[in-house]
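Source file: query14.cif (mmCIF, C-alpha atoms)
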data_structure
#
loop_
_atom_site.label_atom_id
_atom_site.label_comp_id
_atom_site.auth_asym_id
_atom_site.auth_seq_id
_atom_site.Cartn_x
_atom_site.Cartn_y
_atom_site.Cartn_z
CA MET A 1 -12.89 16.23 11.66
CA LYS A 2 -15.08 13.83 9.66
CA ILE A 3 -11.91 12.40 8.17
CA LEU A 4 -9.90 12.36 11.33
CA VAL A 5 -12.38 10.43 13.43
CA PRO A 6 -12.34 7.17 11.41
CA TRP A 7 -8.55 7.43 11.07
CA LEU A 8 -8.11 7.93 14.80
CA MET A 9 -10.47 5.06 15.54
CA LEU A 10 -8.62 2.82 13.13
CA THR A 11 -5.27 3.82 14.56
CA LEU A 12 -6.43 3.36 18.11
CA GLY A 13 -7.91 -0.04 17.29
CA LEU A 14 -4.76 -1.16 15.56
CA VAL A 15 -2.50 0.21 18.27
CA LEU A 16 -4.51 -1.68 20.87
CA SER A 17 -4.65 -4.87 18.83
CA GLY A 18 -1.00 -4.44 17.85
CA CYS A 19 0.07 -4.01 21.44
CA ALA A 20 -1.88 -7.11 22.44
CA HIS A 21 0.85 -9.35 21.08
CA LEU A 22 3.63 -7.45 22.83
CA THR A 23 4.65 -8.61 26.26
CA ASN A 24 6.67 -6.78 28.88
CA ASP A 25 9.96 -8.29 27.82
CA GLY A 26 9.42 -7.39 24.17
CA GLU A 27 8.82 -10.99 23.17
CA THR A 28 5.74 -11.87 21.13
CA ASN A 29 2.95 -14.38 21.36
CA LYS A 30 1.37 -13.63 18.01
CA GLN A 31 0.44 -16.75 16.06
CA GLN A 32 1.47 -17.56 12.49
CA SER A 33 3.24 -14.33 11.70
CA HIS A 34 5.39 -13.81 8.61
CA PHE A 35 7.93 -12.36 11.01
CA ASP A 36 8.19 -15.37 13.33
CA PRO A 37 11.11 -16.94 11.41
CA LEU A 38 12.98 -13.61 11.79
CA ARG A 39 12.23 -13.63 15.51
CA SER A 40 13.52 -17.22 15.72
CA GLU A 41 16.73 -16.25 13.92
CA ILE A 42 17.27 -13.43 16.37
CA GLY A 43 16.60 -15.82 19.25
CA SER A 44 19.22 -18.28 18.08
CA LEU A 45 21.83 -15.81 16.81
CA VAL A 46 21.89 -13.08 19.42
CA ALA A 47 23.22 -14.27 22.78
CA ASP A 48 23.11 -10.90 24.51
CA ASP A 49 19.77 -10.69 26.31
CA SER A 50 19.37 -6.91 26.18
CA ARG A 51 20.23 -6.65 22.50
CA ARG A 52 18.03 -9.62 21.61
CA LYS A 53 15.02 -8.04 23.34
CA GLN A 54 15.69 -4.74 21.63
CA MET A 55 15.80 -6.44 18.23
CA ILE A 56 12.62 -8.43 18.86
CA LYS A 57 10.95 -5.19 19.84
CA SER A 58 12.02 -3.63 16.52
CA VAL A 59 10.56 -6.60 14.64
CA ASP A 60 7.32 -6.25 16.61
CA LEU A 61 7.17 -2.60 15.66
CA LEU A 62 7.97 -3.35 12.03
CA GLU A 63 5.11 -5.83 11.86
CA HIS A 64 2.80 -3.56 13.80
CA TYR A 65 3.33 -0.63 11.41
CA LEU A 66 2.94 -2.89 8.39
CA ASP A 67 -0.39 -4.07 9.77
CA ILE A 68 -1.49 -0.46 10.17
CA TYR A 69 -0.22 0.35 6.67
CA GLN A 70 -2.21 -2.52 5.20
CA ALA A 71 -5.39 -1.56 7.06
CA THR A 72 -4.98 2.13 6.22
CA THR A 73 -4.52 1.35 2.54
CA ALA A 74 -7.52 -0.98 2.47
CA GLN A 75 -9.62 1.71 4.12
CA TYR A 76 -8.37 4.30 1.61
CA HIS A 77 -9.17 2.06 -1.35
CA GLN A 78 -12.64 1.49 0.06
CA ARG A 79 -13.12 5.24 0.47
CA LEU A 80 -12.16 5.86 -3.17
CA LYS A 81 -14.49 3.10 -4.33
CA THR A 82 -17.35 4.54 -2.27
CA LEU A 83 -16.76 8.04 -3.58
CA TYR A 84 -16.60 6.77 -7.12
CA ALA A 85 -19.84 4.84 -6.75
CA GLU A 86 -21.67 7.99 -5.65
CA TYR A 87 -22.84 9.88 -8.70
CA ASP A 88 -22.72 13.23 -6.92
CA SER A 89 -19.33 12.97 -5.22
CA GLU A 90 -17.08 15.94 -5.91
CA ARG A 91 -13.52 16.01 -7.23
CA SER A 92 -12.48 17.81 -4.06
CA GLU A 93 -13.62 14.84 -1.96
CA PHE A 94 -11.19 12.63 -3.86
CA GLY A 95 -8.48 15.21 -3.29
CA VAL A 96 -9.09 15.20 0.44
CA ALA A 97 -9.06 11.38 0.56
CA ILE A 98 -5.78 11.27 -1.38
CA GLU A 99 -4.08 13.94 0.73
CA ASN A 100 -5.27 12.35 3.94
CA TYR A 101 -3.93 8.96 2.91
CA GLU A 102 -0.64 10.42 1.68
CA THR A 103 -0.08 12.09 5.05
CA GLN A 104 -0.73 8.83 6.87
CA ARG A 105 1.43 6.90 4.43
CA ILE A 106 4.39 9.24 4.88
CA ASP A 107 4.15 8.97 8.68
CA LEU A 108 3.96 5.17 8.48
CA LYS A 109 6.85 5.11 6.03
CA LYS A 110 9.02 7.02 8.50
CA ALA A 111 7.99 4.75 11.37
CA LEU A 112 8.71 1.62 9.32
CA LEU A 113 12.11 2.84 8.23
CA LYS A 114 12.96 3.78 11.79
CA ALA A 115 12.08 0.28 13.03
CA HIS A 116 14.10 -1.29 10.22
CA PHE A 117 17.20 0.79 10.94
CA GLU A 118 16.93 0.23 14.68
CA LEU A 119 16.90 -3.51 14.02
CA LYS A 120 19.88 -3.21 11.70
CA ALA A 121 21.81 -0.96 14.10
CA ALA A 122 21.39 -3.40 16.96
CA ALA A 123 22.77 -6.30 14.92
CA ALA A 124 26.43 -7.19 14.55
CA VAL A 125 27.69 -7.39 10.96
CA ASP A 126 27.76 -11.20 10.88
CA GLU A 127 24.31 -11.36 12.47
CA TRP A 128 22.86 -8.91 9.99
CA SER A 129 24.00 -10.95 7.01
CA VAL A 130 21.66 -13.70 8.22
CA LEU A 131 18.91 -11.51 9.66
CA SER A 132 18.61 -9.29 6.59
CA GLU A 133 17.64 -12.35 4.54
CA ALA A 134 15.06 -13.36 7.11
CA GLU A 135 13.72 -9.81 7.16
CA GLN A 136 13.48 -9.77 3.39
CA THR A 137 11.65 -13.10 3.37
CA ALA A 138 9.14 -11.72 5.88
CA LEU A 139 8.66 -8.55 3.86
CA ASN A 140 8.24 -10.56 0.66
CA ALA A 141 5.56 -12.69 2.30
CA PHE A 142 3.79 -9.58 3.57
CA SER A 143 4.07 -7.91 0.17
CA GLU A 144 2.46 -10.91 -1.55
CA GLN A 145 -0.43 -10.74 0.87
CA PHE A 146 -0.63 -6.97 0.42
CA SER A 147 -0.86 -7.17 -3.37
CA GLY A 148 -4.26 -8.75 -2.90
CA LEU A 149 -5.60 -5.31 -2.03
CA GLU A 150 -7.20 -3.66 -4.99
CA LEU A 151 -8.24 -0.11 -5.70
CA MET B 1 12.07 -4.32 -0.40
CA LEU B 2 10.42 -1.55 1.55
CA ILE B 3 10.53 0.46 -1.64
CA ALA B 4 8.66 -2.26 -3.49
CA LEU B 5 6.10 -2.46 -0.73
CA PHE B 6 5.33 1.23 -0.88
CA THR B 7 4.80 1.22 -4.60
CA ALA B 8 3.19 -2.20 -4.99
CA TRP B 9 -0.39 -1.13 -4.54
CA PHE B 10 -0.30 0.98 -7.66
CA LEU B 11 1.42 -1.58 -9.84
CA VAL B 12 -0.27 -4.08 -12.10
CA GLY B 13 -1.73 -6.71 -9.82
CA GLY B 14 -1.94 -4.20 -7.03
CA GLY B 15 -4.99 -2.49 -8.41
CA GLY B 16 -3.72 -0.65 -11.45
CA THR B 17 -5.65 -2.45 -14.13
CA ASN B 18 -8.51 -3.45 -11.92
CA LEU B 19 -10.12 -0.07 -11.58
CA PHE B 20 -13.01 -1.31 -13.66
CA SER B 21 -13.97 -4.91 -13.18
CA GLU B 22 -14.80 -7.12 -16.13
CA GLY B 23 -18.38 -7.24 -14.88
CA PHE B 24 -18.60 -3.44 -14.91
CA ILE B 25 -17.27 -3.23 -18.46
CA ASN B 26 -19.59 -5.98 -19.66
CA ARG B 27 -22.58 -4.17 -18.23
CA ILE B 28 -21.87 -0.90 -20.03
CA ASP B 29 -23.46 -2.04 -23.30
CA GLU B 30 -26.45 -3.35 -21.42
CA VAL B 31 -27.03 -0.28 -19.27
CA VAL B 32 -25.77 2.77 -21.15
CA ALA B 33 -27.20 4.09 -24.42
CA ALA B 34 -25.19 2.80 -27.38
CA ASP B 35 -23.52 6.05 -28.51
CA ARG B 36 -22.36 6.93 -24.99
CA ALA B 37 -21.45 3.34 -24.18
CA ALA B 38 -18.89 3.40 -26.99
CA VAL B 39 -17.36 6.63 -25.65
CA MET B 40 -17.27 5.25 -22.12
CA THR B 41 -15.58 2.01 -23.17
CA SER B 42 -13.07 3.91 -25.24
CA LYS B 43 -12.18 6.19 -22.32
CA ILE B 44 -11.72 3.20 -20.03
CA GLU B 45 -9.31 1.71 -22.54
CA VAL B 46 -7.34 4.97 -22.68
CA LEU B 47 -7.23 5.14 -18.89
CA ASN B 48 -6.04 1.55 -18.61
CA GLU B 49 -3.29 2.34 -21.11
CA LYS B 50 -2.24 5.37 -19.07
CA ILE B 51 -2.02 3.26 -15.93
CA GLN B 52 -0.15 0.52 -17.73
CA SER B 53 2.30 3.08 -19.08
CA TYR B 54 2.80 4.56 -15.62
CA ASN B 55 3.43 1.12 -14.16
CA GLU B 56 6.02 0.37 -16.82
CA ILE B 57 7.79 3.69 -16.21
CA LEU B 58 7.80 3.02 -12.48
CA LEU B 59 9.19 -0.48 -12.93
CA GLU B 60 11.90 0.86 -15.25
CA LYS B 61 12.74 3.59 -12.77
CA ARG B 62 13.17 1.01 -10.06
CA LYS B 63 15.33 -1.19 -12.28
CA ARG B 64 17.57 1.66 -13.43
CA ASN B 65 18.19 3.17 -10.04
CA PRO B 66 20.46 0.89 -8.02
CA LEU B 67 19.23 2.50 -4.85
CA LEU B 68 15.61 1.72 -5.63
CA ASN B 69 16.54 -1.77 -6.70
CA ALA B 70 18.53 -2.53 -3.61
CA ASP B 71 17.26 -4.72 -0.84
CA THR B 72 17.45 -4.03 2.84
CA SER B 73 20.59 -6.05 3.38
CA SER B 74 23.51 -4.12 2.01
CA SER B 75 23.44 -1.15 -0.33
CA LEU B 76 21.11 1.08 1.60
CA SER B 77 23.15 2.68 4.29
CA SER B 78 20.81 5.18 5.81
CA ASN B 79 17.26 6.14 6.45
CA ASP B 80 17.80 9.25 4.34
CA ASP B 81 18.88 7.20 1.31
CA ILE B 82 15.63 5.25 1.30
CA ALA B 83 13.48 8.24 2.15
CA MET B 84 14.99 10.21 -0.74
CA ALA B 85 14.45 7.32 -3.16
CA LEU B 86 10.84 6.96 -2.09
CA GLU B 87 10.18 10.66 -2.47
CA SER B 88 11.41 10.54 -6.06
CA ILE B 89 8.66 8.01 -6.79
CA ASP B 90 6.00 9.80 -4.77
CA ALA B 91 5.74 12.78 -7.09
CA ASP B 92 5.11 10.58 -10.16
CA ARG B 93 2.71 8.48 -8.22
CA ARG B 94 0.63 11.37 -6.98
CA GLU B 95 0.52 13.04 -10.40
CA THR B 96 -0.65 9.80 -12.02
CA LEU B 97 -3.23 9.21 -9.35
CA ASN B 98 -4.73 12.63 -9.97
CA ILE B 99 -4.86 11.93 -13.70
CA VAL B 100 -6.57 8.62 -12.96
CA ILE B 101 -9.19 10.27 -10.73
CA ASP B 102 -9.90 12.96 -13.35
CA SER B 103 -10.33 10.30 -16.02
CA MET B 104 -12.57 8.22 -13.78
CA LEU B 105 -14.80 11.22 -13.18
CA GLU B 106 -14.98 11.93 -16.91
CA ILE B 107 -16.07 8.34 -17.45
CA ARG B 108 -18.72 8.62 -14.76
CA ALA B 109 -20.01 11.89 -16.22
CA ILE B 110 -20.79 10.17 -19.51
CA SER B 111 -23.58 8.21 -17.86
CA THR B 112 -26.83 9.43 -16.37
CA ARG B 113 -27.43 8.98 -12.67
CA GLN B 114 -29.77 6.05 -13.32
CA GLU B 115 -27.26 4.34 -15.60
CA TRP B 116 -24.44 4.89 -13.16
CA ASN B 117 -26.40 3.39 -10.28
CA ALA B 118 -27.23 0.39 -12.45
CA LEU B 119 -23.55 -0.02 -13.34
CA MET B 120 -22.49 0.19 -9.72
CA VAL B 121 -25.06 -2.25 -8.41
CA PRO B 122 -24.85 -5.39 -10.53
CA LYS B 123 -27.96 -7.46 -11.03
CA GLN B 124 -28.21 -10.48 -8.77
CA PRO B 125 -28.12 -13.80 -10.64
#
Represent the supplied structure as structure tokens.
Amino acid sequence: MKILVPWLMLTLGLVLSGCAHLTNDGETNKQQSHFDPLRSEIGSLVADDSRRKQMIKSVDLLEHYLDIYQATTAQYHQRLKTLYAEYDSERSEFGVAIENYETQRIDLKKALLKAHFELKAAAAVDEWSVLSEAEQTALNAFSEQFSGLEL
Amino acid sequence: MLIALFTAWFLVGGGGTNLFSEGFINRIDEVVAADRAAVMTSKIEVLNEKIQSYNEILLEKRKRNPLLNADTSSSLSSNDDIAMALESIDADRRETLNIVIDSMLEIRAISTRQEWNALMVPKQP
């Protein structure tokens, strides 16, 4: 329970903050996002309104889960650092922290992959050849930012 | 790319060789009795080598496996393909992490409580 409470609070906070940039039509108003160029590409490439909204929604979800992943990992690293700093912390406490994080990570991994494949499935082949590059650029930018996290 | 993201945190630059800051290592000689300080420093070096070795193996694994090396645009055709590739890395990753934790605890156990607290709370300039 002690472990679940902070995780649930973090998740709830991120879900709420993540949803704040989603509007009813699936468009986004988030500022300066790595994923904005991808959203712009979708906006200019995909003429069909329904499909475009669906794809923007997938991008929103992709970014949302990446934000949670980043925050979860930062929290996990902090937990390991805290445990390590305490002279009396037990090996089992590290084990619990690792298992807890792994469970969260696997769930997030599934959610991220689902969002990615939903985006891909909604795109026509010629659209995807352009959008995949934009997606990769966004992921690269996120990854560079993410590598700043240290254990 | 998603593959890289999920493994990045454990790679060099993502935390692997930064388990012990330079400041921490520099303080060992100052804080810990000389005979134990040498053992502690030596164990940190061994641990860093283990992590470096793991990172190299992981990078090689990613290079060798076309699936792991693929980006999101073409080669990966299904969710299952990526999930399977990630799982093959997860086992190595978890095993190494447990080794790292065990080694870290061995290093901590070399010091006394007072020394450890002094190492963890650096002196203010």
Checklist entry - Any idea what's packed within 12 Å of Asn117 of chain B, counting only C-alpha atoms, ignoring anything in its chain fewer than 5 positions away? Could you give it as a list in words? => result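 Answer for this query is Tyr84, Ala85, Glu86, Tyr87 and Asp88 of chain A; Phe24, Arg27, Ile28, Val31, Val32, Arg108, Ser111, Thr112, Pro122 and Lys123 of chain B.
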Checklist entry - Exactly which residues make up the result of the PyMOL selection byres ((chain B and resi 96) around 12) on this file, given as a list in words? => result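 With the PyMOL selection byres ((chain B and resi 96) around 12) on this model, the match is Ile98 of chain A; Phe10, Leu11, Gly16, Leu47, Asn48, Lys50, Ile51, Gln52, Ser53, Tyr54, Asn55, Ile57, Leu58, Ile89, Asp90, Ala91, Asp92, Arg93, Arg94, Glu95, Leu97, Asn98, Ile99, Val100, Ile101, Asp102 and Ser103 of chain B.
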Next on the checklist: Would you pick out the contacts of Leu112 of chain A at 9 Å or less, using all atoms listed in the file, so that residues sharing its chain but fewer than 4 positions from it are not included, and give the list as a PyMOL selection string?
Outcome noted: (chain A and resi 61-63+65-66+107-108+116-117) or (chain B and resi 2)
Tell me as a JSON list (two decimals) with C-alpha atoms, in the frame of the given file which residues belonging to chain A come within 9 Å of chain B, counting all atoms listed in the file.
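The file below, selection03.json, is the result:
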[["chain", "number", "residue", "atom", "x", "y", "z"],
["A", 73, "THR", "CA", -4.52, 1.35, 2.54],
["A", 84, "TYR", "CA", -16.60, 6.77, -7.12],
["A", 85, "ALA", "CA", -19.84, 4.84, -6.75],
["A", 86, "GLU", "CA", -21.67, 7.99, -5.65],
["A", 87, "TYR", "CA", -22.84, 9.88, -8.70],
["A", 88, "ASP", "CA", -22.72, 13.23, -6.92],
["A", 90, "GLU", "CA", -17.08, 15.94, -5.91],
["A", 91, "ARG", "CA", -13.52, 16.01, -7.23],
["A", 94, "PHE", "CA", -11.19, 12.63, -3.86],
["A", 95, "GLY", "CA", -8.48, 15.21, -3.29],
["A", 98, "ILE", "CA", -5.78, 11.27, -1.38],
["A", 102, "GLU", "CA", -0.64, 10.42, 1.68],
["A", 105, "ARG", "CA", 1.43, 6.90, 4.43],
["A", 109, "LYS", "CA", 6.85, 5.11, 6.03],
["A", 110, "LYS", "CA", 9.02, 7.02, 8.50],
["A", 112, "LEU", "CA", 8.71, 1.62, 9.32],
["A", 113, "LEU", "CA", 12.11, 2.84, 8.23],
["A", 114, "LYS", "CA", 12.96, 3.78, 11.79],
["A", 116, "HIS", "CA", 14.10, -1.29, 10.22],
["A", 117, "PHE", "CA", 17.20, 0.79, 10.94],
["A", 120, "LYS", "CA", 19.88, -3.21, 11.70],
["A", 128, "TRP", "CA", 22.86, -8.91, 9.99],
["A", 129, "SER", "CA", 24.00, -10.95, 7.01],
["A", 131, "LEU", "CA", 18.91, -11.51, 9.66],
["A", 132, "SER", "CA", 18.61, -9.29, 6.59],
["A", 133, "GLU", "CA", 17.64, -12.35, 4.54],
["A", 135, "GLU", "CA", 13.72, -9.81, 7.16],
["A", 136, "GLN", "CA", 13.48, -9.77, 3.39],
["A", 139, "LEU", "CA", 8.66, -8.55, 3.86],
["A", 140, "ASN", "CA", 8.24, -10.56, 0.66],
["A", 142, "PHE", "CA", 3.79, -9.58, 3.57],
["A", 143, "SER", "CA", 4.07, -7.91, 0.17],
["A", 146, "PHE", "CA", -0.63, -6.97, 0.42],
["A", 147, "SER", "CA", -0.86, -7.17, -3.37],
["A", 148, "GLY", "CA", -4.26, -8.75, -2.90],
["A", 149, "LEU", "CA", -5.60, -5.31, -2.03],
["A", 150, "GLU", "CA", -7.20, -3.66, -4.99],
["A", 151, "LEU", "CA", -8.24, -0.11, -5.70]]
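Interatomic distance, atom CA of Ala134 of chain A against atom CA of Thr72 of chain A: 25.3 Å.
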Checklist entry - atom CA of Lys43 of chain B and atom CA of Asn100 of chain A are how many Å apart? => result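 These atoms are spaced 27.8 Å apart.
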Checklist entry - Expressed in Å to a single decimal, how great is the separation between atom CA of Gln32 of chain A and atom CA of Ala47 of chain A? => result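 Result for atom CA of Gln32 of chain A versus atom CA of Ala47 of chain A: 24.3 Å, one decimal.
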Checklist entry - Which residue out of A:Ala141, A:Ser40, A:Ala115, A:Val125 has the minimum interatomic distance to Gln54 of chain A when all atoms listed in the file are used? => result A:Ala115
